[in-house]
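Source file coords.pdb; content: PDB, C-alpha atoms and all ligand atoms.
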```pdb
ATOM      1  CA  MET A   1     166.541 -61.522  56.528  1.00  0.00           C
ATOM      2  CA  VAL A   2     166.332 -64.129  59.237  1.00  0.00           C
ATOM      3  CA  ARG A   3     165.151 -67.684  58.834  1.00  0.00           C
ATOM      4  CA  ARG A   4     165.105 -70.752  60.980  1.00  0.00           C
ATOM      5  CA  LEU A   5     167.832 -73.342  60.416  1.00  0.00           C
ATOM      6  CA  SER A   6     165.256 -76.072  59.892  1.00  0.00           C
ATOM      7  CA  ASP A   7     161.794 -76.060  58.355  1.00  0.00           C
ATOM      8  CA  ALA A   8     160.550 -78.788  60.686  1.00  0.00           C
ATOM      9  CA  ALA A   9     156.955 -78.095  61.655  1.00  0.00           C
ATOM     10  CA  ASP A  10     156.874 -80.369  64.692  1.00  0.00           C
ATOM     11  CA  ALA A  11     155.906 -79.004  68.091  1.00  0.00           C
ATOM     12  CA  ALA A  12     154.183 -76.041  66.459  1.00  0.00           C
ATOM     13  CA  VAL A  13     152.270 -73.665  68.705  1.00  0.00           C
ATOM     14  CA  THR A  14     150.332 -70.513  67.945  1.00  0.00           C
ATOM     15  CA  ILE A  15     150.769 -67.260  69.824  1.00  0.00           C
ATOM     16  CA  ALA A  16     149.030 -63.898  69.423  1.00  0.00           C
ATOM     17  CA  VAL A  17     151.182 -60.830  68.821  1.00  0.00           C
ATOM     18  CA  ASP A  18     149.340 -57.512  68.898  1.00  0.00           C
ATOM     19  CA  GLY A  19     146.211 -59.455  68.008  1.00  0.00           C
ATOM     20  CA  LEU A  20     147.790 -61.299  65.071  1.00  0.00           C
ATOM     21  CA  SER A  21     148.064 -65.081  65.045  1.00  0.00           C
ATOM     22  CA  VAL A  22     151.747 -66.048  64.775  1.00  0.00           C
ATOM     23  CA  PRO A  23     153.204 -69.571  64.422  1.00  0.00           C
ATOM     24  CA  ALA A  24     156.003 -70.520  66.791  1.00  0.00           C
ATOM     25  CA  ARG A  25     157.822 -73.604  67.976  1.00  0.00           C
ATOM     26  CA  ALA A  26     157.540 -75.053  71.420  1.00  0.00           C
ATOM     27  CA  GLY A  27     160.699 -74.388  73.362  1.00  0.00           C
ATOM     28  CA  GLU A  28     161.870 -71.335  71.486  1.00  0.00           C
ATOM     29  CA  THR A  29     161.811 -67.975  73.199  1.00  0.00           C
ATOM     30  CA  VAL A  30     159.241 -65.278  72.565  1.00  0.00           C
ATOM     31  CA  ALA A  31     161.999 -63.133  71.029  1.00  0.00           C
ATOM     32  CA  ALA A  32     163.038 -65.895  68.614  1.00  0.00           C
ATOM     33  CA  ALA A  33     159.427 -66.464  67.577  1.00  0.00           C
ATOM     34  CA  LEU A  34     158.807 -62.763  66.996  1.00  0.00           C
ATOM     35  CA  ILE A  35     161.991 -62.311  64.970  1.00  0.00           C
ATOM     36  CA  ALA A  36     161.153 -65.375  62.854  1.00  0.00           C
ATOM     37  CA  ALA A  37     157.737 -63.809  62.213  1.00  0.00           C
ATOM     38  CA  GLY A  38     159.279 -60.501  61.105  1.00  0.00           C
ATOM     39  CA  PHE A  39     158.803 -58.393  64.225  1.00  0.00           C
ATOM     40  CA  TRP A  40     161.871 -56.280  64.996  1.00  0.00           C
ATOM     41  CA  ALA A  41     160.555 -53.377  67.071  1.00  0.00           C
ATOM     42  CA  PHE A  42     159.368 -54.880  70.362  1.00  0.00           C
ATOM     43  CA  ARG A  43     158.914 -51.585  72.163  1.00  0.00           C
ATOM     44  CA  THR A  44     159.460 -47.851  71.919  1.00  0.00           C
ATOM     45  CA  THR A  45     161.289 -45.775  74.495  1.00  0.00           C
ATOM     46  CA  GLY A  46     159.391 -43.629  76.965  1.00  0.00           C
ATOM     47  CA  VAL A  47     161.293 -40.430  76.205  1.00  0.00           C
ATOM     48  CA  SER A  48     161.979 -40.224  72.460  1.00  0.00           C
ATOM     49  CA  GLY A  49     159.719 -42.977  71.145  1.00  0.00           C
ATOM     50  CA  SER A  50     162.675 -44.694  69.472  1.00  0.00           C
ATOM     51  CA  ALA A  51     162.085 -48.285  68.422  1.00  0.00           C
ATOM     52  CA  ARG A  52     163.913 -50.993  70.347  1.00  0.00           C
ATOM     53  CA  GLY A  53     164.321 -54.691  69.669  1.00  0.00           C
ATOM     54  CA  PRO A  54     166.373 -57.624  70.900  1.00  0.00           C
ATOM     55  CA  TYR A  55     170.097 -57.033  70.990  1.00  0.00           C
ATOM     56  CA  CYS A  56     171.828 -59.466  73.325  1.00  0.00           C
ATOM     57  CA  MET A  57     169.303 -62.368  73.346  1.00  0.00           C
ATOM     58  CA  MET A  58     170.580 -63.372  76.791  1.00  0.00           C
ATOM     59  CA  GLY A  59     168.829 -61.152  79.322  1.00  0.00           C
ATOM     60  CA  VAL A  60     171.307 -58.313  79.616  1.00  0.00           C
ATOM     61  CA  CYS A  61     170.182 -55.348  77.479  1.00  0.00           C
ATOM     62  CA  PHE A  62     166.427 -55.165  78.286  1.00  0.00           C
ATOM     63  CA  ASP A  63     165.654 -53.972  74.749  1.00  0.00           C
ATOM     64  CA  CYS A  64     163.298 -56.891  74.154  1.00  0.00           C
ATOM     65  CA  LEU A  65     160.617 -55.927  76.694  1.00  0.00           C
ATOM     66  CA  VAL A  66     157.042 -56.913  75.811  1.00  0.00           C
ATOM     67  CA  ALA A  67     153.816 -57.561  77.653  1.00  0.00           C
ATOM     68  CA  ILE A  68     153.081 -61.277  77.983  1.00  0.00           C
ATOM     69  CA  ASP A  69     149.592 -62.383  79.021  1.00  0.00           C
ATOM     70  CA  GLY A  70     148.925 -58.934  80.443  1.00  0.00           C
ATOM     71  CA  VAL A  71     152.150 -58.626  82.419  1.00  0.00           C
ATOM     72  CA  GLY A  72     154.308 -55.807  81.093  1.00  0.00           C
ATOM     73  CA  SER A  73     158.056 -55.439  80.711  1.00  0.00           C
ATOM     74  CA  ARG A  74     158.889 -59.123  80.380  1.00  0.00           C
ATOM     75  CA  GLN A  75     162.159 -59.985  78.705  1.00  0.00           C
ATOM     76  CA  ALA A  76     161.124 -61.747  75.497  1.00  0.00           C
ATOM     77  CA  CYS A  77     164.537 -63.384  75.101  1.00  0.00           C
ATOM     78  CA  LEU A  78     164.149 -65.292  78.372  1.00  0.00           C
ATOM     79  CA  VAL A  79     160.551 -66.536  78.169  1.00  0.00           C
ATOM     80  CA  PRO A  80     159.703 -69.721  76.225  1.00  0.00           C
ATOM     81  CA  VAL A  81     156.563 -69.630  74.107  1.00  0.00           C
ATOM     82  CA  ARG A  82     153.548 -71.734  74.917  1.00  0.00           C
ATOM     83  CA  GLU A  83     150.293 -72.339  73.114  1.00  0.00           C
ATOM     84  CA  GLY A  84     147.872 -69.425  73.267  1.00  0.00           C
ATOM     85  CA  MET A  85     150.323 -66.938  74.758  1.00  0.00           C
ATOM     86  CA  ARG A  86     149.257 -63.299  74.222  1.00  0.00           C
ATOM     87  CA  ILE A  87     152.058 -60.854  73.505  1.00  0.00           C
ATOM     88  CA  GLU A  88     151.756 -57.103  73.106  1.00  0.00           C
ATOM     89  CA  THR A  89     154.537 -54.840  71.949  1.00  0.00           C
ATOM     90  CA  GLN A  90     155.021 -51.866  74.261  1.00  0.00           C
ATOM     91  CA  ARG A  91     154.702 -48.226  73.258  1.00  0.00           C
ATOM     92  CA  GLY A  92     156.333 -45.574  75.385  1.00  0.00           C
ATOM     93  CA  ARG A  93     156.046 -45.492  79.143  1.00  0.00           C
ATOM     94  CA  ARG A  94     154.034 -48.075  80.970  1.00  0.00           C
ATOM     95  CA  PRO A  95     151.456 -46.761  83.401  1.00  0.00           C
ATOM     96  CA  VAL A  96     152.287 -46.967  87.080  1.00  0.00           C
ATOM     97  CA  ARG A  97     149.859 -49.228  88.901  1.00  0.00           C
ATOM     98  CA  PRO A  98     148.737 -48.402  92.409  1.00  0.00           C
TER      99      PRO A  98
HETATM  100  S1  LIG B 101     167.517 -59.168  74.052  1.00  0.00           S
HETATM  101 FE1  LIG B 101     168.736 -58.266  75.603  1.00  0.00          FE
HETATM  102  S2  LIG B 101     167.586 -58.646  77.421  1.00  0.00           S
HETATM  103 FE2  LIG B 101     166.476 -59.619  75.881  1.00  0.00          FE
END
```

Full structure transcribed into structure tokens:
Amino acid sequence: MVRRLSDAADAAVTIAVDGLSVPARAGETVAAALIAAGFWAFRTTGVSGSARGPYCMMGVCFDCLVAIDGVGSRQACLVPVREGMRIETQRGRRPVRP
């Protein structure tokens, strides 16, 4: 179980994760917000379909990739949340765009 150190509700924002409304705090990263909301599998691998989630929380492992506002393969641990942000977990390979 993971919980925030403080229950302060100030600077609350709302983001959408796979179509669900999720509360977050301004300034925290997308990865922190998703973990606090109970999301652990951020993506699945393109070969085996294994679930992957944040590991390093500092931009090294690339296991936290999600689509943010329609842009795929963003590192959730490096992007701060903002009001209305749309996040999609990624399943398998991403299509190659021309
Ligand atoms: S958690 Fe490792 S790069 Fe984001």

- Item | From A:Ala11, A:Val60, A:Met1, A:Ala16, residue lying nearest Val30 of chain A [all atoms listed in the file] |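 Closest residue, counting all atoms listed in the file: A:Ala16.
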
If you take only C-alpha atoms and all ligand atoms and a cut-off of 8 Å, which residues of chain A touch ligand LIG 101 (chain B), and what are their nearest atom pairs and distances in Å to one decimal, in chain and number order, as JSON lines?
```
{"residue": "A:Ala31", "atom": "CA", "partner": "B:LIG101", "partner_atom": "S1", "distance": 7.4}
{"residue": "A:Gly53", "atom": "CA", "partner": "B:LIG101", "partner_atom": "S1", "distance": 7.0}
{"residue": "A:Pro54", "atom": "CA", "partner": "B:LIG101", "partner_atom": "S1", "distance": 3.7}
{"residue": "A:Tyr55", "atom": "CA", "partner": "B:LIG101", "partner_atom": "S1", "distance": 4.5}
{"residue": "A:Cys56", "atom": "CA", "partner": "B:LIG101", "partner_atom": "FE1", "distance": 4.0}
{"residue": "A:Met57", "atom": "CA", "partner": "B:LIG101", "partner_atom": "S1", "distance": 3.7}
{"residue": "A:Met58", "atom": "CA", "partner": "B:LIG101", "partner_atom": "FE1", "distance": 5.6}
{"residue": "A:Gly59", "atom": "CA", "partner": "B:LIG101", "partner_atom": "S2", "distance": 3.4}
{"residue": "A:Val60", "atom": "CA", "partner": "B:LIG101", "partner_atom": "S2", "distance": 4.3}
{"residue": "A:Cys61", "atom": "CA", "partner": "B:LIG101", "partner_atom": "FE1", "distance": 3.8}
{"residue": "A:Phe62", "atom": "CA", "partner": "B:LIG101", "partner_atom": "S2", "distance": 3.8}
{"residue": "A:Asp63", "atom": "CA", "partner": "B:LIG101", "partner_atom": "FE1", "distance": 5.4}
{"residue": "A:Cys64", "atom": "CA", "partner": "B:LIG101", "partner_atom": "FE2", "distance": 4.5}
{"residue": "A:Leu65", "atom": "CA", "partner": "B:LIG101", "partner_atom": "FE2", "distance": 7.0}
{"residue": "A:Gln75", "atom": "CA", "partner": "B:LIG101", "partner_atom": "FE2", "distance": 5.2}
{"residue": "A:Ala76", "atom": "CA", "partner": "B:LIG101", "partner_atom": "FE2", "distance": 5.8}
{"residue": "A:Cys77", "atom": "CA", "partner": "B:LIG101", "partner_atom": "FE2", "distance": 4.3}
{"residue": "A:Leu78", "atom": "CA", "partner": "B:LIG101", "partner_atom": "FE2", "distance": 6.6}
```

- Task: Skip Thr29 of chain A itself and residues of its chain fewer than 6 positions away, then list as a list in words all residues within 6 Å of it, counting all atoms listed in the file.
- Result: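 Near Thr29 of chain A, the qualifying residues are Cys77, Val79, Pro80 and Val81 of chain A.
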
- Message: Can you spell out as a ChimeraX atom specification the set of residues that the PyMOL selection byres (((chain A and resi 95) around 12) and not hetatm) selects in the structure I just provided?
- Response: /A:46,71-73,90-94,96-98

- Atomic distance atom CA of Val66 of chain A - atom CA of Leu5 of chain A, expressed in Å with one decimal: 25.0 Å

- Mind giving me the straight-line distance from atom CA of Ser50 of chain A to atom CA of Arg3 of chain A in Å, one decimal?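 Those two atoms sit 25.5 Å apart.
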
- Query: From the set A:Ile15, A:Leu34, A:Glu88, A:Ser21, which residue has the shortest atom-to-atom contact distance to Arg74 of chain A, counting all atoms listed in the file?
  - Reply: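 For Arg74 of chain A, the nearest of the candidates is A:Glu88.
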
- Item | Residue nearest Glu28 of chain A among A:Ala51, A:Arg4, A:Ile68, A:Ala41 (counting all atoms listed in the file) |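 Between A:Ala51, A:Arg4, A:Ile68, A:Ala41, the residue approaching Glu28 of chain A most closely is A:Arg4.
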
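Using the PyMOL selection byres (((chain A and resi 83) around 7) and not hetatm) on this structure selects Val13, Thr14, Ile15, Val81, Arg82, Gly84 and Met85 of chain A.
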
- Item | Between atom CA of Ala67 of chain A and atom CA of Arg86 of chain A - distance in Å to one decimal | 8.1 Å

Where atoms are lacking, segment 82-93 of chain A completed to all heavy atoms, as a CSV table (one decimal), keeping the file's coordinate frame:
```csv
chain,number,residue,atom,x,y,z
A,82,ARG,N,154.5,-70.6,74.7
A,82,ARG,CA,153.5,-71.7,74.9
A,82,ARG,C,152.3,-71.4,74.2
A,82,ARG,O,152.0,-70.3,73.9
A,82,ARG,CB,153.3,-72.0,76.4
A,82,ARG,CG,152.7,-70.9,77.1
A,82,ARG,CD,152.4,-71.2,78.6
A,82,ARG,NE,152.1,-70.0,79.3
A,82,ARG,CZ,151.2,-69.1,79.0
A,82,ARG,NH1,150.3,-69.4,78.0
A,82,ARG,NH2,151.0,-68.0,79.7
A,83,GLU,N,151.5,-72.5,73.9
A,83,GLU,CA,150.3,-72.3,73.1
A,83,GLU,C,149.4,-71.3,73.7
A,83,GLU,O,149.1,-71.3,74.9
A,83,GLU,CB,149.6,-73.7,73.1
A,83,GLU,CG,148.3,-73.7,72.3
A,83,GLU,CD,148.5,-73.4,70.8
A,83,GLU,OE1,149.5,-73.9,70.2
A,83,GLU,OE2,147.6,-72.8,70.2
A,84,GLY,N,148.9,-70.4,72.9
A,84,GLY,CA,147.9,-69.4,73.3
A,84,GLY,C,148.4,-68.2,74.0
A,84,GLY,O,147.6,-67.3,74.4
A,85,MET,N,149.7,-68.1,74.1
A,85,MET,CA,150.3,-66.9,74.8
A,85,MET,C,149.9,-65.6,74.0
A,85,MET,O,149.9,-65.6,72.8
A,85,MET,CB,151.8,-67.1,74.8
A,85,MET,CG,152.6,-66.1,75.5
A,85,MET,SD,154.4,-66.6,75.4
A,85,MET,CE,154.6,-67.4,77.0
A,86,ARG,N,149.6,-64.6,74.8
A,86,ARG,CA,149.3,-63.3,74.2
A,86,ARG,C,150.4,-62.3,74.5
A,86,ARG,O,150.7,-62.0,75.6
A,86,ARG,CB,148.0,-62.8,74.8
A,86,ARG,CG,146.7,-63.6,74.5
A,86,ARG,CD,145.5,-63.1,75.2
A,86,ARG,NE,145.6,-63.2,76.6
A,86,ARG,CZ,145.8,-62.1,77.4
A,86,ARG,NH1,145.8,-60.9,77.0
A,86,ARG,NH2,146.0,-62.3,78.7
A,87,ILE,N,150.9,-61.8,73.4
A,87,ILE,CA,152.1,-60.9,73.5
A,87,ILE,C,151.7,-59.5,72.9
A,87,ILE,O,151.0,-59.5,71.8
A,87,ILE,CB,153.3,-61.4,72.8
A,87,ILE,CG1,153.7,-62.7,73.5
A,87,ILE,CG2,154.4,-60.5,72.7
A,87,ILE,CD1,154.3,-63.7,72.5
A,88,GLU,N,152.0,-58.5,73.6
A,88,GLU,CA,151.8,-57.1,73.1
A,88,GLU,C,153.1,-56.4,73.1
A,88,GLU,O,153.8,-56.4,74.1
A,88,GLU,CB,150.8,-56.4,74.0
A,88,GLU,CG,149.4,-57.0,74.2
A,88,GLU,CD,148.6,-57.0,73.0
A,88,GLU,OE1,148.7,-56.0,72.2
A,88,GLU,OE2,147.7,-57.9,72.8
A,89,THR,N,153.4,-55.7,72.0
A,89,THR,CA,154.5,-54.8,71.9
A,89,THR,C,154.2,-53.6,72.8
A,89,THR,O,153.0,-53.3,73.0
A,89,THR,CB,154.9,-54.4,70.5
A,89,THR,OG1,153.8,-53.8,69.9
A,89,THR,CG2,155.3,-55.6,69.7
A,90,GLN,N,155.2,-53.0,73.3
A,90,GLN,CA,155.0,-51.9,74.3
A,90,GLN,C,155.3,-50.5,73.6
A,90,GLN,O,156.3,-50.4,72.9
A,90,GLN,CB,155.9,-52.1,75.5
A,90,GLN,CG,155.5,-53.3,76.3
A,90,GLN,CD,156.2,-53.4,77.6
A,90,GLN,OE1,155.9,-54.2,78.5
A,90,GLN,NE2,157.3,-52.6,77.9
A,91,ARG,N,154.5,-49.6,73.8
A,91,ARG,CA,154.7,-48.2,73.3
A,91,ARG,C,154.9,-47.2,74.4
A,91,ARG,O,154.0,-47.0,75.2
A,91,ARG,CB,153.5,-47.8,72.4
A,91,ARG,CG,153.2,-48.8,71.3
A,91,ARG,CD,154.2,-48.6,70.2
A,91,ARG,NE,154.1,-49.6,69.1
A,91,ARG,CZ,155.1,-50.5,68.8
A,91,ARG,NH1,156.2,-50.4,69.5
A,91,ARG,NH2,154.9,-51.4,67.9
A,92,GLY,N,156.1,-46.6,74.4
A,92,GLY,CA,156.3,-45.6,75.4
A,92,GLY,C,156.3,-46.1,76.8
A,92,GLY,O,156.6,-47.2,77.1
A,93,ARG,N,156.0,-45.2,77.7
A,93,ARG,CA,156.0,-45.5,79.1
A,93,ARG,C,154.9,-46.4,79.5
A,93,ARG,O,153.8,-46.2,79.0
A,93,ARG,CB,155.9,-44.2,80.0
A,93,ARG,CG,157.1,-43.3,79.9
A,93,ARG,CD,157.0,-42.2,80.9
A,93,ARG,NE,158.1,-41.2,80.7
A,93,ARG,CZ,158.0,-40.1,80.1
A,93,ARG,NH1,156.8,-39.7,79.6
A,93,ARG,NH2,159.0,-39.3,80.0
```
